[in-house]
Structure formats: structure tokens, C-alpha cells
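Heads up, start-v8.cif below (mmCIF, C-alpha atoms):
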```cif
data_upload
loop_
_atom_site.label_atom_id
_atom_site.label_comp_id
_atom_site.auth_asym_id
_atom_site.auth_seq_id
_atom_site.Cartn_x
_atom_site.Cartn_y
_atom_site.Cartn_z
CA MET I 1 -33.13 54.21 -25.30
CA GLU I 2 -35.09 56.93 -23.50
CA ILE I 3 -33.40 59.34 -21.09
CA HIS I 4 -35.45 62.11 -19.52
CA PRO I 5 -33.89 65.55 -20.06
CA SER I 6 -33.62 66.13 -16.29
CA ALA I 7 -31.68 62.90 -15.65
CA VAL I 8 -27.92 63.14 -15.07
CA VAL I 9 -26.20 60.28 -16.88
CA SER I 10 -22.42 60.05 -17.04
CA PRO I 11 -21.04 59.85 -20.57
CA HIS I 12 -18.91 56.95 -19.30
CA ALA I 13 -21.90 54.84 -18.22
CA GLU I 14 -22.78 51.92 -20.51
CA LEU I 15 -26.46 51.68 -21.43
CA ALA I 16 -27.87 48.91 -23.61
CA THR I 17 -30.71 49.21 -26.07
CA GLY I 18 -34.17 49.71 -24.64
CA VAL I 19 -33.00 51.27 -21.36
CA ARG I 20 -35.32 53.94 -19.97
CA ILE I 21 -34.22 56.48 -17.35
CA GLY I 22 -36.79 58.68 -15.62
CA PRO I 23 -36.74 62.27 -14.37
CA TYR I 24 -33.99 63.43 -12.00
CA SER I 25 -32.22 60.08 -11.82
CA VAL I 26 -28.42 60.02 -11.54
CA ILE I 27 -26.27 57.36 -13.24
CA GLY I 28 -22.56 57.31 -12.33
CA ASP I 29 -19.37 56.86 -14.32
CA HIS I 30 -18.87 53.13 -13.80
CA VAL I 31 -22.43 51.91 -14.19
CA THR I 32 -23.51 49.31 -16.76
CA ILE I 33 -27.23 48.78 -17.43
CA GLY I 34 -28.54 45.87 -19.49
CA LYS I 35 -31.16 46.07 -22.21
CA ASP I 36 -34.83 46.89 -21.56
CA THR I 37 -34.16 47.91 -17.95
CA ASN I 38 -36.49 50.62 -16.71
CA ILE I 39 -35.09 53.15 -14.23
CA GLY I 40 -37.78 55.29 -12.56
CA SER I 41 -37.51 58.86 -11.32
CA HIS I 42 -35.08 60.07 -8.63
CA VAL I 43 -33.02 56.86 -8.71
CA VAL I 44 -29.29 57.01 -7.89
CA ILE I 45 -27.01 54.29 -9.29
CA ASP I 46 -23.35 54.84 -8.47
CA GLY I 47 -20.03 53.07 -8.09
CA HIS I 48 -18.94 50.04 -10.08
CA THR I 49 -22.45 48.70 -10.54
CA GLN I 50 -23.66 46.27 -13.19
CA LEU I 51 -27.37 45.67 -13.83
CA GLY I 52 -28.58 42.94 -16.13
CA GLU I 53 -31.59 42.94 -18.43
CA ARG I 54 -35.27 43.79 -17.91
CA ASN I 55 -34.89 45.06 -14.37
CA ARG I 56 -37.53 47.45 -13.04
CA ILE I 57 -36.19 50.07 -10.63
CA TYR I 58 -38.77 52.25 -8.90
CA PRO I 59 -38.41 55.87 -7.64
CA PHE I 60 -35.90 56.85 -4.96
CA VAL I 61 -33.93 53.58 -5.06
CA SER I 62 -30.21 53.81 -4.23
CA ILE I 63 -27.85 51.22 -5.74
CA GLY I 64 -24.06 51.10 -5.46
CA SER I 65 -23.56 53.68 -2.73
CA PRO I 66 -20.65 53.09 -0.31
CA PRO I 67 -21.04 50.41 2.36
CA GLN I 68 -22.11 51.45 5.84
CA ASP I 69 -18.87 50.15 7.31
CA ILE I 70 -16.44 52.30 9.27
CA GLY I 71 -13.46 50.46 7.78
CA TYR I 72 -14.34 51.31 4.19
CA GLN I 73 -11.75 53.63 2.59
CA GLY I 74 -13.28 54.28 -0.83
CA GLU I 75 -12.04 51.17 -2.61
CA ASP I 76 -13.56 50.25 -5.99
CA THR I 77 -15.78 47.45 -4.78
CA ARG I 78 -18.72 46.19 -6.83
CA VAL I 79 -22.45 45.53 -7.10
CA PHE I 80 -23.74 42.91 -9.55
CA ILE I 81 -27.47 42.60 -10.20
CA GLY I 82 -28.88 39.98 -12.56
CA ASP I 83 -31.98 39.99 -14.77
CA ASP I 84 -35.72 40.52 -14.26
CA ASN I 85 -35.53 41.96 -10.75
CA MET I 86 -38.22 44.21 -9.28
CA ILE I 87 -36.75 46.79 -6.89
CA ARG I 88 -39.37 48.98 -5.27
CA GLU I 89 -39.35 52.49 -3.81
CA TYR I 90 -36.56 53.59 -1.43
CA ALA I 91 -34.78 50.24 -1.42
CA THR I 92 -31.01 50.46 -0.89
CA ILE I 93 -28.29 48.13 -2.17
CA ASN I 94 -24.76 48.99 -1.02
CA ARG I 95 -21.52 48.09 -2.71
CA ALA I 96 -19.15 45.72 -0.92
CA THR I 97 -16.25 46.16 1.43
CA THR I 98 -12.83 44.61 0.82
CA LYS I 99 -13.30 41.99 3.54
CA GLU I 100 -14.48 39.14 1.29
CA GLU I 101 -14.93 39.04 -2.48
CA TRP I 102 -15.32 42.82 -3.07
CA LYS I 103 -18.85 42.35 -4.40
CA THR I 104 -22.50 42.55 -3.41
CA VAL I 105 -24.60 40.25 -5.59
CA VAL I 106 -28.33 40.08 -6.36
CA GLY I 107 -29.39 37.25 -8.67
CA ASN I 108 -32.39 36.99 -10.99
CA GLU I 109 -36.16 37.48 -10.62
CA ASN I 110 -36.01 38.83 -7.09
CA TYR I 111 -38.73 41.04 -5.65
CA ILE I 112 -37.25 43.68 -3.34
CA MET I 113 -40.06 45.69 -1.78
CA ALA I 114 -40.13 49.27 -0.51
CA TYR I 115 -37.47 50.40 2.01
CA ALA I 116 -35.70 47.02 2.00
CA HIS I 117 -31.95 47.18 2.62
CA ILE I 118 -29.26 44.89 1.18
CA ALA I 119 -25.99 45.71 2.88
CA HIS I 120 -22.40 45.30 1.72
CA ASP I 121 -21.10 41.87 0.70
CA CYS I 122 -24.54 40.22 0.69
CA ILE I 123 -25.24 37.47 -1.82
CA LEU I 124 -28.86 36.90 -2.89
CA GLY I 125 -29.90 33.97 -5.02
CA ASN I 126 -32.88 33.90 -7.37
CA LYS I 127 -36.60 34.54 -6.81
CA VAL I 128 -36.05 35.87 -3.30
CA ILE I 129 -38.82 38.03 -1.83
CA MET I 130 -37.86 40.78 0.60
CA SER I 131 -40.98 42.45 2.00
CA ASN I 132 -41.22 46.08 3.11
CA VAL I 133 -38.39 47.29 5.38
CA ALA I 134 -36.70 43.87 5.47
CA THR I 135 -33.07 44.51 6.38
CA LEU I 136 -29.93 42.47 5.71
CA GLY I 137 -26.75 43.24 7.62
CA GLY I 138 -23.43 42.76 5.89
CA HIS I 139 -22.06 39.46 4.57
CA ILE I 140 -25.41 37.63 4.46
CA ALA I 141 -26.16 34.82 2.00
CA VAL I 142 -29.80 34.25 1.01
CA GLY I 143 -30.77 31.09 -0.85
CA ASP I 144 -33.14 30.78 -3.81
CA ARG I 145 -36.86 31.42 -3.18
CA ALA I 146 -36.39 32.47 0.43
CA THR I 147 -39.09 34.85 1.67
CA LEU I 148 -38.43 37.58 4.25
CA GLY I 149 -41.49 39.15 5.84
CA GLY I 150 -41.95 42.83 6.58
CA MET I 151 -39.48 44.46 8.99
CA VAL I 152 -37.35 41.33 9.33
CA ALA I 153 -33.84 42.16 10.55
CA VAL I 154 -31.03 39.71 9.82
CA HIS I 155 -27.71 39.89 11.68
CA GLN I 156 -24.48 40.13 9.71
CA PHE I 157 -22.82 36.89 8.57
CA VAL I 158 -26.07 34.89 8.85
CA ARG I 159 -27.12 32.46 6.10
CA ILE I 160 -30.73 32.10 5.00
CA GLY I 161 -31.39 28.73 3.37
CA ALA I 162 -33.31 28.19 0.15
CA TYR I 163 -37.13 28.12 0.46
CA ALA I 164 -37.00 29.39 4.05
CA PHE I 165 -39.84 31.63 5.24
CA LEU I 166 -39.07 34.35 7.80
CA GLY I 167 -42.14 35.77 9.51
CA GLY I 168 -42.61 39.53 9.81
CA LYS I 169 -40.81 41.54 12.50
CA SER I 170 -38.38 38.70 13.21
CA GLY I 171 -34.90 39.31 14.53
CA VAL I 172 -32.61 36.64 13.07
CA ASP I 173 -29.19 36.14 14.67
CA ARG I 174 -28.28 32.62 13.52
CA ASP I 175 -28.51 30.59 10.33
CA VAL I 176 -31.99 29.68 9.05
CA PRO I 177 -31.99 26.17 7.54
CA PRO I 178 -33.55 25.67 4.11
CA PHE I 179 -37.25 24.76 3.87
CA MET I 180 -38.04 26.03 7.40
CA ILE I 181 -40.40 28.62 8.90
CA THR I 182 -39.13 31.09 11.49
CA ALA I 183 -40.97 33.72 13.49
CA GLY I 184 -40.69 35.80 16.65
CA SER I 185 -38.88 38.92 17.78
CA ARG I 186 -36.00 36.58 18.62
CA ALA I 187 -36.65 34.19 15.79
CA LYS I 188 -37.26 30.50 16.45
CA LEU I 189 -37.92 27.58 14.14
CA TYR I 190 -41.51 26.45 13.74
CA GLY I 191 -41.05 23.50 11.43
CA VAL I 192 -41.06 22.82 7.72
CA ASN I 193 -42.70 25.32 5.35
CA GLY I 194 -45.00 22.59 4.10
CA ARG I 195 -47.68 24.78 2.59
CA GLY I 196 -45.14 26.89 0.70
CA LEU I 197 -43.28 23.84 -0.58
CA LYS I 198 -46.48 22.21 -1.77
CA ARG I 199 -47.44 25.41 -3.59
CA LEU I 200 -44.06 25.32 -5.35
CA GLY I 201 -44.56 21.76 -6.56
CA PHE I 202 -42.65 19.68 -4.01
CA SER I 203 -44.04 16.18 -3.58
CA GLN I 204 -45.78 15.14 -0.37
CA GLU I 205 -43.13 12.44 0.03
CA THR I 206 -40.39 15.08 0.04
CA ILE I 207 -42.28 17.29 2.50
CA ASP I 208 -42.91 14.34 4.83
CA GLY I 209 -39.24 13.38 4.71
CA LEU I 210 -38.20 16.91 5.67
CA LYS I 211 -40.74 16.95 8.50
CA LYS I 212 -39.32 13.68 9.84
CA ALA I 213 -35.81 15.13 9.72
CA TYR I 214 -37.05 18.22 11.58
CA ARG I 215 -38.56 16.09 14.34
CA ILE I 216 -35.40 14.04 14.74
CA ILE I 217 -32.96 16.96 14.71
CA TRP I 218 -34.90 19.61 16.63
CA ARG I 219 -37.67 17.90 18.63
CA ASP I 220 -36.15 14.72 20.08
CA ASN I 221 -34.02 16.56 22.68
CA LYS I 222 -30.65 15.34 21.52
CA ARG I 223 -27.45 17.04 20.42
CA MET I 224 -27.62 18.34 16.88
CA ASP I 225 -24.76 16.19 15.63
CA GLU I 226 -26.52 13.14 17.04
CA GLY I 227 -29.77 14.20 15.37
CA ILE I 228 -28.04 14.59 12.01
CA LYS I 229 -26.50 11.13 12.36
CA GLN I 230 -29.87 9.61 13.23
CA ALA I 231 -31.60 11.35 10.32
CA LYS I 232 -29.02 9.94 7.92
CA GLN I 233 -29.62 6.46 9.33
CA GLU I 234 -33.42 6.53 9.42
CA ILE I 235 -34.37 8.51 6.31
CA LYS I 236 -33.57 7.37 2.80
CA SER I 237 -31.48 10.04 1.11
CA PHE I 238 -33.12 12.53 -1.25
CA PRO I 239 -31.72 15.83 -2.60
CA GLU I 240 -33.65 18.17 -0.30
CA LEU I 241 -32.61 16.20 2.77
CA GLU I 242 -28.97 16.35 1.71
CA MET I 243 -29.33 20.11 1.18
CA LEU I 244 -30.75 20.52 4.69
CA LEU I 245 -28.14 18.39 6.41
CA SER I 246 -25.16 19.86 4.57
CA PHE I 247 -26.41 23.39 5.36
CA ILE I 248 -26.51 22.57 9.09
CA GLU I 249 -23.11 20.88 9.05
CA ALA I 250 -21.52 23.89 7.31
CA SER I 251 -22.89 26.41 9.81
CA GLU I 252 -20.36 28.59 11.60
CA ARG I 253 -22.78 30.76 13.60
CA GLY I 254 -25.06 27.89 14.59
CA VAL I 255 -28.62 27.39 13.42
CA LEU I 256 -31.88 28.57 14.93
CA GLN I 257 -33.59 26.27 17.39
#
```
Starting from the file, give its structure as C-alpha cells.
Amino acid sequence: MEIHPSAVVSPHAELATGVRIGPYSVIGDHVTIGKDTNIGSHVVIDGHTQLGERNRIYPFVSIGSPPQDIGYQGEDTRVFIGDDNMIREYATINRATTKEEWKTVVGNENYIMAYAHIAHDCILGNKVIMSNVATLGGHIAVGDRATLGGMVAVHQFVRIGAYAFLGGKSGVDRDVPPFMITAGSRAKLYGVNGRGLKRLGFSQETIDGLKKAYRIIWRDNKRMDEGIKQAKQEIKSFPELEMLLSFIEASERGVLQ
């Protein structure tokens, strides 16, 4: 363990072997940091915050500060961060409110770029990429391997499906289905993220099946429930199709068009 002499680390914090803490960083009373995690300079980690192993936290990051919610009254809500995450300069991750599960969660192997913001009660999966200044409002769920471009802004309570790609400077106010591309200041769907899926090892058969489902549901000018029914009838079931359809059927805010 290496702690710079200028760092302020609470004697009540729990630090595993191999943790490094840089100059002028502040680690609060209720913080737990897993082994081989590297905390850069001027980082503040506060509240009931738990970091896993081998995370890399760059300068001026803030983790576990109170939620930006006018109803918050200082309750002991939580932040849980998994393993092998890269969190770049000035990113902010707020602890939760008491309105749901009392926790903000970031999974494993995520890349959170500079100035990104993860608000209270958000749940991130694994291998998510948040580009510079990407912003999540409260209570957002982001699926595995989703990619958010620079300066994307996502409205509270929205769900971002797995493998979705959100183009830069998009404003997202409804759910983004898995495997899809969105773009625009008021984001719209632009089809299946075929190139990204192929790069990640999805078969051409799977990609073609998702493209057919997209055409039926979004391009044939019918009601969405009718499109889902038709897709189930015309396309032989496969796991990615079931993921897409169940995501749409579970939507409470509605999905992007």
C-alpha cells in the first residue's frame, strides 16, 4: 500500500493490499477500496462507497458525494463499483437517494471518460463506455457494452439497452433498445448497430435477424404491439431477438422511434 503524505485518509477507511493513493486525495470514513486499485491525485471518495479491485481513478474524480436531488436528507445511501474500471479526470459518481434501492452501481471493466456524470440511483452494467461529458440523470439503467458518445445527455428513468450506440451530442428522453444506433439532438433510432455487433463477434445471421425485426417493428408503419407480434411470428426465435422484444415490452417510458 502506498499513500502519499499529503493525502487525507480516514483511519476508518478499509484499504486492501496494493492500493495506491496520490497527492491531496481525500478518502472518507466509510470507504472500502479493493486491492491494486490506483487512486490519482486530488480525488475525493466519500460516503458509503465500495470500490472493487484494480480500478484506475484519475485526478479530480469525485465518487460518493451526495445526490443532486432536493429531497435528499443526508441518508446513508451507497455507491458500489466493481473491478477493472477506468474512471478519467473530473468524472462524478453520486451516491443514491432513498427512492429505490439506496444504491448507485457501476459494474466491471467500464471506461468512464473525462467529465462524465453518473447520477444517483444509476445502474451500469459491464464494459460500458461513457465518452467525454456524457451525462446520466438519476435512476438510469445502462446495459452491458453500451456506448455513449461525447456530450450525450440521458433523461432520468431512461433505460439504455445492451450493445446500444448513442451518437455524440444526443438528447435521449426515452428508452434505447439493445443493439440499436441512436443519434440527433432529439435522439432517433437509425437501425441496428451492425458494424459494432460484427466487431464484437456476433454472427451475420444474428445481425440479419435483428435488422429484420427492426424493419418490422419500426419501419412498416404499424403499432408497436402489432410489430412485436409480427416479429415473433415471422422470425425464428434466438436469444438476441428475445432480449430486444422483452426490453420493448417492459418499457414504461416508451422507446425511441
May I have the residues within 12 Å of I:Ile87 as a PyMOL selection string, using only C-alpha atoms and disregarding those fewer than 5 positions away in the same chain? chain I and resi 37-40+43+51+54-63+81-82+92-93+106+108-118+128-132
Please evaluate the PyMOL selection byres ((chain I and resi 174) around 6) against the structure above and give the resulting residues as an mmCIF file with C-alpha atoms, keeping the file's coordinate frame.
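Contents of selection02.cif, freshly written:
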```
data_model
loop_
_atom_site.group_PDB
_atom_site.id
_atom_site.type_symbol
_atom_site.label_atom_id
_atom_site.label_comp_id
_atom_site.auth_asym_id
_atom_site.auth_seq_id
_atom_site.Cartn_x
_atom_site.Cartn_y
_atom_site.Cartn_z
ATOM 1 C CA VAL I 158 -26.070 34.890 8.850
ATOM 2 C CA VAL I 172 -32.610 36.640 13.070
ATOM 3 C CA ASP I 173 -29.190 36.140 14.670
ATOM 4 C CA ASP I 175 -28.510 30.590 10.330
ATOM 5 C CA ARG I 253 -22.780 30.760 13.600
ATOM 6 C CA GLY I 254 -25.060 27.890 14.590
ATOM 7 C CA VAL I 255 -28.620 27.390 13.420
ATOM 8 C CA LEU I 256 -31.880 28.570 14.930
#
```
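If you look at atom CA of I:Val176 and atom CA of I:Tyr90, they are 26.5 Å away from each other.
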My list of candidates is I:Gly201, I:Pro66, I:Gly191, I:Gly171. Which is closest to I:Val154 when distances are computed with only C-alpha atoms?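 The closest residue to I:Val154 is I:Gly171.
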So, counting all atoms listed in the file, which residue among I:His139, I:Arg95, I:Arg199, I:Arg145 is closest to I:Gly125? I:Arg145
At a cut-off of 7 Å, using only C-alpha atoms, what residues contact stretch 67-70 of chain I? Leave out same-chain residues fewer than 2 positions from it and give the result as a PyMOL selection string. chain I and resi 65+72+94-97+119-120
Given 8 Å on each side, where is the centre and what are the edge lengths in Å to one decimal of the axis-aligned box enclosing the listed atoms of stretch 148-164 of chain I, as AutoDock Vina command-line options?
```
--center_x -32.4 --center_y 36.3 --center_z 5.9 --size_x 35.1 --size_y 32.3 --size_z 27.5
```
Just how far from atom CA of I:Gly167 is atom CA of I:Gly149, in Å to one decimal? 5.0 Å
For I:Asp208, the closest of I:Lys222, I:Lys236, I:His155, I:Lys127 counting all atoms listed in the file is I:Lys236
Rank nothing, just name the residue among I:Met151, I:Ser246, I:Ile235, I:Gln257 nearest to I:Leu189, using all atoms listed in the file.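 Between I:Met151, I:Ser246, I:Ile235, I:Gln257, the residue approaching I:Leu189 most closely is I:Gln257.
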Mind pulling up the distance from atom CA of I:Ile228 to atom CA of I:Asp144?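 Atom-to-atom, atom CA of I:Asp144 to atom CA of I:Ile228, that is 23.2 Å.
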Return as a PyMOL selection string the set of residues that the PyMOL selection byres ((chain I and resi 98) around 9) yields on the displayed structure. chain I and resi 72+75-77+96-97+99-103+121
Counting all atoms listed in the file, which of I:Ala183, I:Gly138, I:Pro177, I:Leu200 gets nearest to I:Ile217?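 When distances to I:Ile217 are compared using all atoms listed in the file, the smallest one comes from I:Pro177.
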Picked residues, the PyMOL selection byres ((chain I and resi 7) around 12), expected as a PDB file with C-alpha atoms, in the coordinates of the input:
```
ATOM      1  CA  GLU I   2     -35.090  56.930 -23.500  1.00  0.00           C
ATOM      2  CA  ILE I   3     -33.400  59.340 -21.090  1.00  0.00           C
ATOM      3  CA  HIS I   4     -35.450  62.110 -19.520  1.00  0.00           C
ATOM      4  CA  PRO I   5     -33.890  65.550 -20.060  1.00  0.00           C
ATOM      5  CA  SER I   6     -33.620  66.130 -16.290  1.00  0.00           C
ATOM      6  CA  VAL I   8     -27.920  63.140 -15.070  1.00  0.00           C
ATOM      7  CA  VAL I   9     -26.200  60.280 -16.880  1.00  0.00           C
ATOM      8  CA  SER I  10     -22.420  60.050 -17.040  1.00  0.00           C
ATOM      9  CA  ARG I  20     -35.320  53.940 -19.970  1.00  0.00           C
ATOM     10  CA  ILE I  21     -34.220  56.480 -17.350  1.00  0.00           C
ATOM     11  CA  GLY I  22     -36.790  58.680 -15.620  1.00  0.00           C
ATOM     12  CA  PRO I  23     -36.740  62.270 -14.370  1.00  0.00           C
ATOM     13  CA  TYR I  24     -33.990  63.430 -12.000  1.00  0.00           C
ATOM     14  CA  SER I  25     -32.220  60.080 -11.820  1.00  0.00           C
ATOM     15  CA  VAL I  26     -28.420  60.020 -11.540  1.00  0.00           C
ATOM     16  CA  ILE I  27     -26.270  57.360 -13.240  1.00  0.00           C
ATOM     17  CA  GLY I  28     -22.560  57.310 -12.330  1.00  0.00           C
ATOM     18  CA  ILE I  39     -35.090  53.150 -14.230  1.00  0.00           C
ATOM     19  CA  GLY I  40     -37.780  55.290 -12.560  1.00  0.00           C
ATOM     20  CA  SER I  41     -37.510  58.860 -11.320  1.00  0.00           C
ATOM     21  CA  HIS I  42     -35.080  60.070  -8.630  1.00  0.00           C
ATOM     22  CA  VAL I  43     -33.020  56.860  -8.710  1.00  0.00           C
ATOM     23  CA  VAL I  44     -29.290  57.010  -7.890  1.00  0.00           C
ATOM     24  CA  ILE I  45     -27.010  54.290  -9.290  1.00  0.00           C
TER      25      ILE I  45
END
```
